[in-house]
Amino acid sequence: MNETLTKREAALAILEEVLLAARQAAEKAHEKEANDRFQSGLKTAYYDILTVALEQAELFEVNPAELGMADFEPDSLLGPPRAAQRQAA
């Protein structure tokens, strides 16, 4: 391990990368979901992971920004995909 990083810093960096990958995959599944049960299930799994992570961050008073999630709201995955929202507007 890099000697300049503490274990906490390393753990936060790892968690940030995992959550960013989950967020990107969830958003991709959300865009592809239309009547695709696999994509819907995938999105739901990522939603659960991201929600638990952010709930735990709040419980332990960790700023979501430290996890790369400052501007992300998991509930945004529950509505129609953004492309469909733009078409409806």
# chains A, B, ... in the order shown; residues from 1 in each chain; ligands from 1
call {"tool": "residues_around", "arguments": {"residues": "region 63-67 of chain A", "least_positions_apart": "6", "cutoff": "8 Å", "atoms": "only C-alpha atoms", "output": "list of chain:residue names"}}
result
A:Leu12, A:Ala13, A:Leu15, A:Glu16, A:Leu19, A:Leu54, A:Ala57
call {"tool": "write_last_selection", "arguments": {"atoms": "C-alpha atoms", "output": "compact mmCIF listing (two decimals), in the first residue's frame"}}
result
# COMPACT_ATOMS: atom_id res chain seq x y z
CA LEU A 12 -12.64 5.60 0.95
CA ALA A 13 -10.85 5.59 -2.41
CA LEU A 15 -15.43 2.58 -1.95
CA GLU A 16 -15.63 5.67 -4.14
CA LEU A 19 -19.88 3.31 -5.96
CA LEU A 54 -25.57 6.40 1.20
CA ALA A 57 -22.62 7.21 5.04
call {"tool": "atom_distance", "arguments": {"atom1": "CA of Glu61 (chain A)", "atom2": "CA of Tyr47 (chain A)"}}
result
20.7 Å
call {"tool": "select_by_dssp", "arguments": {"residues": "chain A", "states": "helix (DSSP H, G or I)", "output": "NGL selection string"}}
result
:A and (7-32 or 37-59 or 64-67 or 74-77 or 82-88)
